[in-house]
Every structure is written in C-alpha cells, then in structure tokens.
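J.: Have a look at the structure that comes next, please.
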Amino acid sequence: MSKVDVSKLKEQDPLNKIAPKKYGDSTIRYVTFNVNGVKTLFNYHPWNKFNQDYNLLFNTLQADIITLQELKLTASTLSSIKNIGHLPNFKSFISVPKVKRGYSGVGLFVRIPDENASPKVRRNLQVIKAEEGLTGYLPSAKSATLSYRDLPSDMSIGGYDTDIDETTGLELDSEGRCVVIELACNLVVFALYCPANSMGTEEGEQFRIKFLRSLFKRCYNLKFKLGKEVLVMGDINVCLDLIDSAEGMSDRQKQNLIQPTSDGLSFETVNYEECNNFKKSTAGRSILNQYTIPGMQHSLLVNHNLNSIGNEPFLFDTTRYVQGRRMNMYTVWNTMTSARAVNYGSRIDLILISCPSMVQSISNSDIWPFILGSDHCPVFTDFDVEEVEELIGETSTKSTSTPVPAKLDFEAKYYYKLSQAVDISALFSRKRSPTENSESSSSSQSCIKTDIDAKRSKVETVPSKPKLKYVSRKLPNKADGQRGINSFFGSNASEN
C-alpha cells in the first residue's frame with residue numbers, strides 16, 4: 001500500500017481518533033496492547049492495509065515505547081514476522097516461551113532517538129540494559145553459563161526477588177511473560193503478560209500468585225533499595241477495582257449488594273464497603289492493591305510520601321490518574337459472547353509508574369476501544385519529558401553519564417539471529433533525497449528474504465541450567481485447547 005493511502009487512512013475512522021501528543025517530540029508515549037496473536041492483527045481493519053508493517057503500525061499509534069503481549073510465536077517462527085527484529089525506527093526485545101511453544105510471548109519495542117532529538121528525549125529512549133524474564137534465573141544473553149543474577153551488578157538490572165529458588169524462578173520464566181529494560185534516565189520498564197489461571201486450577205493459581213509476588217517485590221527492591229524508578233505495563237490479568245469489572249458489578253447488583261449510580265465516584269461512595277471488599281476478594285487482587293496507590297478517592301495522592309521504606313503502596317495507576325473514577329472503561333471483552341458490542345468487559349491492561357514527578361508530567365492517558373485486532377484494546381500514557389526531568393531534577397548525574405552500549409545482547413536481531421529483509425526495489429531505484437529516505441523508513445515496501453541459515457530452527461532454545469519441563473495446569477476434564485466461556489470474566493476461573 002502506498003504512503004499516500006496510509007496518510008488518508010490516518011484521517012479516517014478509527015485512526016483519526018488517536019490523540020496527538022500534546023507536546024510533540026518532547027512527549028514520550030507508552031502503549032500496551034495484547035494482540036492475541038501477532039500474526040492475526042493485520043487481518044483486521046485498518047491494519048490489513050499496512051502490508052504487515054509493524055514499524056508503520058507503531059508510528060501510526062505515535063508510540064515511543066510499546067509492548068505487545070500474546071505474540072504466540074516461537075524462536076523459529078520469529079523470522080516469519082517481517083523485519084520484527086530490524087524495524088527502522090525501533091529496537092526490538094522479545095521473549096517467547098521455552099516450553100509451551102506458540103503460546104504467550106511478549107515484545108517490547110523502543111523508538112530509536114532521532115539524531116536531532118534533545119538530550120532529555122534521548123535519555124528517556126536510550127536502553128542501557130535489557131533482560132528476559134522476571135526472576136533473573138534465565139541464562140543471560142551475554143553468557144549461556146551465567147544467569148542475569150550471576151552477572152556483575154553493573155551489567156544486570158538487579159532488584160531480584162530473593163525469596164524464590166532457581167527451580168521456581170525458571171518455571172515462572174519458562175512461558176515468555178516478561179521483558180525488562182533499563183533506560184538511561186534511571187527508569188526500569190517491565191513489559192508483562194501476567195498469568196490468568198483461565199482453567200481455574202489450584203496449581204495455576206499458585207503459579208500466578210508466585211509470579212505477581214515476585215514482580216512487585218522486584219519493583220519494590222528496585223525503587224527502595226537501588227534507587228531506580230519503575231514502570232509496569234502490560235496485561236496484568238487482574239482488575240484493581242469493582243468499577244473495572246462489569247461482571248463483578250452485575251453479580252453484586254443481582255444479589256442486591258450494591259446500588260447503581262450515574263458515575264464512578266458516587267458509586268464507590270454509596271457502595272464503599274462492597275467496593276473495598278472487592279479489592280481483597282482474591283489473592284492476586286490483594287497483591288496488586290497492596291502495591292498500587294488507592295484510586296477510590298477524589299484524586300490520587302501525587303505528593304504521597306514514597307521516600308520511606310515500609311508497606312505503603314507506591315505505584316500510580318496512570319489511566320485512573322487522568323480519567324478519574326470513570327466507569328465502563330474496559331480493555332478486554334469476551335469474544336464468545338460478543339461482549340464488546342455492549343461494552344461488558346474488564347480493565348486488566350495497565351500502565352503503572354512509581355515516580356510522583358512522572359505522574360505530575362502526564363499530559364494524557366486513556367484506552368483506545370475503537371482500535372480493533374484483538375479481544376483487548378490498546379492503552380496509552382503520555383509523559384512530558386521536559387517537565388519530568390525538571391521535577392526529577394535528574395538525580396542523575398548518574399543518568400547523564402551512563403554509557404549507552406553499542407550492542408545489547410538481548411536485542412532480538414542479535415539474540416535470535418534474525419536476518420533482515422532486503423528491499424529489492426532499492427537495487428534499481430534512483431538515489432533518493434534525505435527527505436524521501438526519512439519518509440520511506442516508516443513503511444517497508446515489498447521485500448524478499450535474504451538467505452537464512454537452513455538450520456536456523458536449531459536456535460530454538462537458549463541454553464539453560466536445569467532443563468525446563470512443561471507441566472500442564474489444565475483440569476483433566478477439559479478438552480485440550482478448549483477455552484471455557486468464563487475464561488475472561490468468571491471469578492472462579494480467573495481474577496479479571
């Protein structure tokens with residue numbers, strides 16, 4: 001598809017609904033999107049006009065740092081996604097399952113700063129470290145004989161949960177659910193697809209609880225023990241509040257436990273006790289609320305004292321900070337019941353931030369329910385870089401002096417040895433002007449693949465210490481591959 005056509009698409013529904021960045025290039029936009037299969041996204045309008053070009057898709061969303069979940073890829077099928085490791089404008093960091101192939105999977109894509117970008121913008125986009133997995137027990141990209149935990153402190157991101165052993169850690173990280181990067185601005189970003197326990201098994205519930213505990217303990221350690229800020233983004237698979245769950249409200253209304261009202265604030269005031277009980281209704285929800293600053297108030301406490309070590313929550317829900325107690329703000333719907341058409345869903349896709357200064361710099365944050373392609377919709381948060389760094393005060397002579405490595409071993413093109421597709425038209429076209437070259441970088445044209453090592457599939461797995469063995473957490477009476485109708489919303493089947 002020509003660039004002219006794409007330009008016209010951006011002026012039409014639904015792409016014309018994408019909010020522009022308030023401060024242009026000084027705004028850093030974070031986006032999270034569970035695509036429910038990276039290969040199927042381009043079957044939907046308007047992405048079916050994009051020639052499977054993820055670089056163009058990310059630019060259309062005006063994303064600077066974007067995570068995709070449920071890629072449903074393996075190490076050997078990554079190469080089937082056009083230039084996923086060689087995007088012109090983004091660095092790619094991807095984790096795929098080690099034991100349950102073609103399931104789960106998380107990608108994190110970070111814009112490459114323009115050479116004319118300000119130093120402040122560059123520090124907010126420059127990746128200085130990157131890791132696969134949550135626990136630090138996976139073999140590092142730098143050395144197959146050393147885990148991330150084993151690396152010297154100046155080579156690892158750190159903050160690992162010390163309460164889990166290696167066997168448990170490897171199990172938690174076997175399903176491709178987490179990518180972690182550290183930016184030059186002293187911010188650690190977690191891209192996540194948290195377990196849902198869709199089959200409702202006891203083993204699955206224990207797995208998800210261990211994952212969530214390890215995640216938030218590491219966030220805590222990074223902030224309060226290592227002095228780093230953290231941003232958590234992705235499909236957390238847990239609702240924070242009752243107003244985030246259509247099914248939760250419907251069930252309680254049928255039992256006459258709540259009174260419906262016209263807006264979220266009055267709803268939580270009138271039904272305070274039931275709303276408060278919901279926050280503790282499951283183990284996973286209790287953990288999430290333990291670390292997330294309460295939103296059941298007139299406004300979030302931006303000036304909350306986060307400098308003392310204790311049991312106080314320290315993560316801000318950026319969407320709620322902007323949208324307040326807005327109701328019917330859901331990010332996932334059950335496709336088997338056509339729930340999206342009547343907006344009967346859950347809000348489980350979140351962007352959480354630990355830094356009050358960054359919260360104060362948020363210029364916009366919302367959901368994009370008009371963007372199709374999955375049972376989830378994207379969520380975004382915009383930070384004004386200039387304001388952030390003034391407020392943070394760049395604690396960081398550390399930030400300004402942190403060297404940016406020439407090569408990141410976990411970057412997808414190196415880690416998975418991905419070859420770049422070649423644009424055959426470039427071999428015959430005239431020399432283009434710098435302006436034309438800049439425009440063409442945002443949209444790949446028809447390509448042919450260069451020769452790829454015929455044995456490439458042998459790079460399927462990364463050498464590890466203990467050999468991982470997948471044990472199904474499905475109930476025995478469920479047909480393999482079958483998904484229950486309550487898998488999205490059932491309080492017994494999952495914590496949504």
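By order in the structure tokens, chains are A, B, ...; within a chain, residues start at 1; ligands start at 1, following the order shown.
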Considering only C-alpha atoms, give me a table of residues in range 67-127 of chain A that are at most 12 Å from range 176-179 of chain A, with the closest atom pair and distance in Å for each, as JSON lines.
T.:
{"residue": "A:Thr67", "atom": "CA", "partner": "A:Val179", "partner_atom": "CA", "distance": 9.2}
{"residue": "A:Leu68", "atom": "CA", "partner": "A:Val179", "partner_atom": "CA", "distance": 10.7}
{"residue": "A:Gln69", "atom": "CA", "partner": "A:Arg177", "partner_atom": "CA", "distance": 8.1}
{"residue": "A:Glu70", "atom": "CA", "partner": "A:Arg177", "partner_atom": "CA", "distance": 8.6}
{"residue": "A:Leu71", "atom": "CA", "partner": "A:Gly176", "partner_atom": "CA", "distance": 9.5}
{"residue": "A:Lys72", "atom": "CA", "partner": "A:Gly176", "partner_atom": "CA", "distance": 9.6}
{"residue": "A:Leu73", "atom": "CA", "partner": "A:Gly176", "partner_atom": "CA", "distance": 9.8}
{"residue": "A:Thr74", "atom": "CA", "partner": "A:Gly176", "partner_atom": "CA", "distance": 9.7}
{"residue": "A:Ala75", "atom": "CA", "partner": "A:Gly176", "partner_atom": "CA", "distance": 10.8}
{"residue": "A:Ser92", "atom": "CA", "partner": "A:Val179", "partner_atom": "CA", "distance": 10.5}
{"residue": "A:Phe93", "atom": "CA", "partner": "A:Val179", "partner_atom": "CA", "distance": 7.1}
{"residue": "A:Ile94", "atom": "CA", "partner": "A:Val179", "partner_atom": "CA", "distance": 6.9}
{"residue": "A:Ser95", "atom": "CA", "partner": "A:Gly176", "partner_atom": "CA", "distance": 4.9}
{"residue": "A:Val96", "atom": "CA", "partner": "A:Gly176", "partner_atom": "CA", "distance": 4.3}
{"residue": "A:Pro97", "atom": "CA", "partner": "A:Gly176", "partner_atom": "CA", "distance": 4.2}
{"residue": "A:Lys98", "atom": "CA", "partner": "A:Gly176", "partner_atom": "CA", "distance": 6.9}
{"residue": "A:Val99", "atom": "CA", "partner": "A:Gly176", "partner_atom": "CA", "distance": 9.1}
{"residue": "A:Lys100", "atom": "CA", "partner": "A:Gly176", "partner_atom": "CA", "distance": 9.0}
{"residue": "A:Arg101", "atom": "CA", "partner": "A:Gly176", "partner_atom": "CA", "distance": 9.5}
{"residue": "A:Gly102", "atom": "CA", "partner": "A:Gly176", "partner_atom": "CA", "distance": 10.0}
{"residue": "A:Tyr103", "atom": "CA", "partner": "A:Gly176", "partner_atom": "CA", "distance": 8.3}
{"residue": "A:Ser104", "atom": "CA", "partner": "A:Gly176", "partner_atom": "CA", "distance": 6.2}
{"residue": "A:Gly105", "atom": "CA", "partner": "A:Gly176", "partner_atom": "CA", "distance": 4.6}
{"residue": "A:Val106", "atom": "CA", "partner": "A:Arg177", "partner_atom": "CA", "distance": 5.8}
{"residue": "A:Gly107", "atom": "CA", "partner": "A:Val179", "partner_atom": "CA", "distance": 7.2}
{"residue": "A:Leu108", "atom": "CA", "partner": "A:Val179", "partner_atom": "CA", "distance": 6.8}
{"residue": "A:Phe109", "atom": "CA", "partner": "A:Val179", "partner_atom": "CA", "distance": 10.3}
J.: Just list the residues in range 23-139 of chain A DSSP gives alpha helix (DSSP H) on the backbone, as a list in words.
T.: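 Assigned to alpha helix (DSSP H), within range 23-139 of chain A: Tyr54, Asn55, Leu56, Leu57, Phe58, Asn59, Thr60, Pro119, Lys120, Val121, Arg122, Arg123, Asn124 and Leu125 of chain A.
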J.: Dump N, CA and C atoms for the selected residues as a PDB file, in the first residue's frame?
T.:
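For reference, part.pdb as written:
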ATOM      1  N   TYR A  54       5.032  -3.520  11.019  1.00  0.00           N
ATOM      2  CA  TYR A  54       4.920  -3.116  12.416  1.00  0.00           C
ATOM      3  C   TYR A  54       5.544  -1.750  12.666  1.00  0.00           C
ATOM      4  N   ASN A  55       6.557  -1.408  11.927  1.00  0.00           N
ATOM      5  CA  ASN A  55       7.154  -0.081  12.080  1.00  0.00           C
ATOM      6  C   ASN A  55       6.119   1.004  11.789  1.00  0.00           C
ATOM      7  N   LEU A  56       5.356   0.804  10.721  1.00  0.00           N
ATOM      8  CA  LEU A  56       4.321   1.754  10.347  1.00  0.00           C
ATOM      9  C   LEU A  56       3.186   1.756  11.380  1.00  0.00           C
ATOM     10  N   LEU A  57       2.838   0.578  11.873  1.00  0.00           N
ATOM     11  CA  LEU A  57       1.789   0.487  12.890  1.00  0.00           C
ATOM     12  C   LEU A  57       2.176   1.273  14.135  1.00  0.00           C
ATOM     13  N   PHE A  58       3.404   1.071  14.624  1.00  0.00           N
ATOM     14  CA  PHE A  58       3.851   1.768  15.829  1.00  0.00           C
ATOM     15  C   PHE A  58       3.899   3.278  15.610  1.00  0.00           C
ATOM     16  N   ASN A  59       4.358   3.686  14.435  1.00  0.00           N
ATOM     17  CA  ASN A  59       4.397   5.122  14.131  1.00  0.00           C
ATOM     18  C   ASN A  59       2.994   5.714  14.034  1.00  0.00           C
ATOM     19  N   THR A  60       2.058   4.925  13.520  1.00  0.00           N
ATOM     20  CA  THR A  60       0.681   5.410  13.416  1.00  0.00           C
ATOM     21  C   THR A  60       0.068   5.638  14.789  1.00  0.00           C
ATOM     22  N   PRO A 119      18.840  16.088  24.335  1.00  0.00           N
ATOM     23  CA  PRO A 119      19.454  15.147  25.286  1.00  0.00           C
ATOM     24  C   PRO A 119      18.426  14.537  26.235  1.00  0.00           C
ATOM     25  N   LYS A 120      17.415  15.306  26.621  1.00  0.00           N
ATOM     26  CA  LYS A 120      16.403  14.805  27.541  1.00  0.00           C
ATOM     27  C   LYS A 120      15.578  13.688  26.900  1.00  0.00           C
ATOM     28  N   VAL A 121      15.195  13.890  25.648  1.00  0.00           N
ATOM     29  CA  VAL A 121      14.446  12.856  24.937  1.00  0.00           C
ATOM     30  C   VAL A 121      15.311  11.616  24.749  1.00  0.00           C
ATOM     31  N   ARG A 122      16.546  11.806  24.410  1.00  0.00           N
ATOM     32  CA  ARG A 122      17.442  10.677  24.170  1.00  0.00           C
ATOM     33  C   ARG A 122      17.593   9.821  25.420  1.00  0.00           C
ATOM     34  N   ARG A 123      17.758  10.460  26.576  1.00  0.00           N
ATOM     35  CA  ARG A 123      17.931   9.690  27.815  1.00  0.00           C
ATOM     36  C   ARG A 123      16.679   8.880  28.155  1.00  0.00           C
ATOM     37  N   ASN A 124      15.520   9.367  27.744  1.00  0.00           N
ATOM     38  CA  ASN A 124      14.273   8.653  28.019  1.00  0.00           C
ATOM     39  C   ASN A 124      13.994   7.534  27.023  1.00  0.00           C
ATOM     40  N   LEU A 125      14.823   7.420  26.000  1.00  0.00           N
ATOM     41  CA  LEU A 125      14.641   6.369  24.993  1.00  0.00           C
ATOM     42  C   LEU A 125      15.862   5.468  24.843  1.00  0.00           C
TER      43      LEU A 125
END
J.: Using only C-alpha atoms, which of A:Leu170, A:Phe90, A:Gly133, A:Met358 sits nearest Leu187 in chain A?
T.: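 Going through A:Leu170, A:Phe90, A:Gly133, A:Met358 one by one, the smallest distance to Leu187 in chain A is for A:Met358.
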J.: Please identify all polymer residues within 10 Å of Gly227 in chain A, counting only C-alpha atoms, omitting same-chain residues fewer than 2 positions from it, and present them as a PyMOL selection string.
T.: chain A and resi 186-187+220-225+229-230+307+395
J.: From a DSSP calculation on the backbone, collect every residue of range 181-268 of chain A in strand (DSSP E) and output the set as a PyMOL selection string.
T.: chain A and resi 181-183+187-193+229-235
J.: Write to file, as an mmCIF file, in the first residue's frame, the residues of the selection just made, with N, CA and C atoms.
T.:
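File written: part.cif
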data_model
loop_
_atom_site.group_PDB
_atom_site.id
_atom_site.type_symbol
_atom_site.label_atom_id
_atom_site.label_comp_id
_atom_site.auth_asym_id
_atom_site.auth_seq_id
_atom_site.Cartn_x
_atom_site.Cartn_y
_atom_site.Cartn_z
ATOM 1 N N ILE A 181 13.726 -3.711 30.658
ATOM 2 C CA ILE A 181 14.798 -2.854 30.163
ATOM 3 C C ILE A 181 15.068 -1.754 31.179
ATOM 4 N N GLU A 182 16.289 -1.243 31.142
ATOM 5 C CA GLU A 182 16.633 -0.068 31.936
ATOM 6 C C GLU A 182 17.021 1.054 30.981
ATOM 7 N N LEU A 183 16.436 2.224 31.210
ATOM 8 C CA LEU A 183 16.704 3.383 30.363
ATOM 9 C C LEU A 183 17.747 4.291 31.009
ATOM 10 N N LEU A 187 15.131 4.758 34.721
ATOM 11 C CA LEU A 187 13.809 4.138 34.767
ATOM 12 C C LEU A 187 13.894 2.702 34.259
ATOM 13 N N VAL A 188 13.330 1.769 35.033
ATOM 14 C CA VAL A 188 13.256 0.360 34.632
ATOM 15 C C VAL A 188 11.834 0.078 34.160
ATOM 16 N N VAL A 189 11.695 -0.496 32.972
ATOM 17 C CA VAL A 189 10.380 -0.761 32.370
ATOM 18 C C VAL A 189 10.144 -2.268 32.303
ATOM 19 N N PHE A 190 9.027 -2.703 32.864
ATOM 20 C CA PHE A 190 8.603 -4.105 32.792
ATOM 21 C C PHE A 190 7.481 -4.223 31.758
ATOM 22 N N ALA A 191 7.681 -5.062 30.746
ATOM 23 C CA ALA A 191 6.632 -5.401 29.782
ATOM 24 C C ALA A 191 6.145 -6.799 30.127
ATOM 25 N N LEU A 192 4.832 -6.954 30.369
ATOM 26 C CA LEU A 192 4.338 -8.159 31.026
ATOM 27 C C LEU A 192 3.088 -8.755 30.393
ATOM 28 N N TYR A 193 3.020 -10.074 30.447
ATOM 29 C CA TYR A 193 1.773 -10.801 30.225
ATOM 30 C C TYR A 193 1.621 -11.719 31.432
ATOM 31 N N GLU A 229 13.548 4.186 39.443
ATOM 32 C CA GLU A 229 12.099 4.246 39.268
ATOM 33 C C GLU A 229 11.664 3.087 38.382
ATOM 34 N N VAL A 230 10.401 2.674 38.515
ATOM 35 C CA VAL A 230 9.903 1.546 37.732
ATOM 36 C C VAL A 230 8.595 1.910 37.041
ATOM 37 N N LEU A 231 8.412 1.354 35.858
ATOM 38 C CA LEU A 231 7.157 1.465 35.115
ATOM 39 C C LEU A 231 6.730 0.065 34.733
ATOM 40 N N VAL A 232 5.516 -0.308 35.118
ATOM 41 C CA VAL A 232 4.957 -1.633 34.842
ATOM 42 C C VAL A 232 3.861 -1.475 33.808
ATOM 43 N N MET A 233 3.969 -2.201 32.693
ATOM 44 C CA MET A 233 2.960 -2.071 31.640
ATOM 45 C C MET A 233 2.666 -3.428 31.025
ATOM 46 N N GLY A 234 1.400 -3.628 30.678
ATOM 47 C CA GLY A 234 1.036 -4.874 30.020
ATOM 48 C C GLY A 234 -0.314 -5.388 30.466
ATOM 49 N N ASP A 235 -0.555 -6.658 30.143
ATOM 50 C CA ASP A 235 -1.778 -7.352 30.539
ATOM 51 C C ASP A 235 -1.515 -7.959 31.912
#
J.: If we count only C-alpha atoms and set the cut-off at 12 Å, which residues sit around Ser266 in chain A, ignoring sequence neighbours fewer than 3 positions away in its own chain? Please answer as number ranges by chain.
T.: A: 243, 258-263, 269-272, 275, 296-298, 324-327
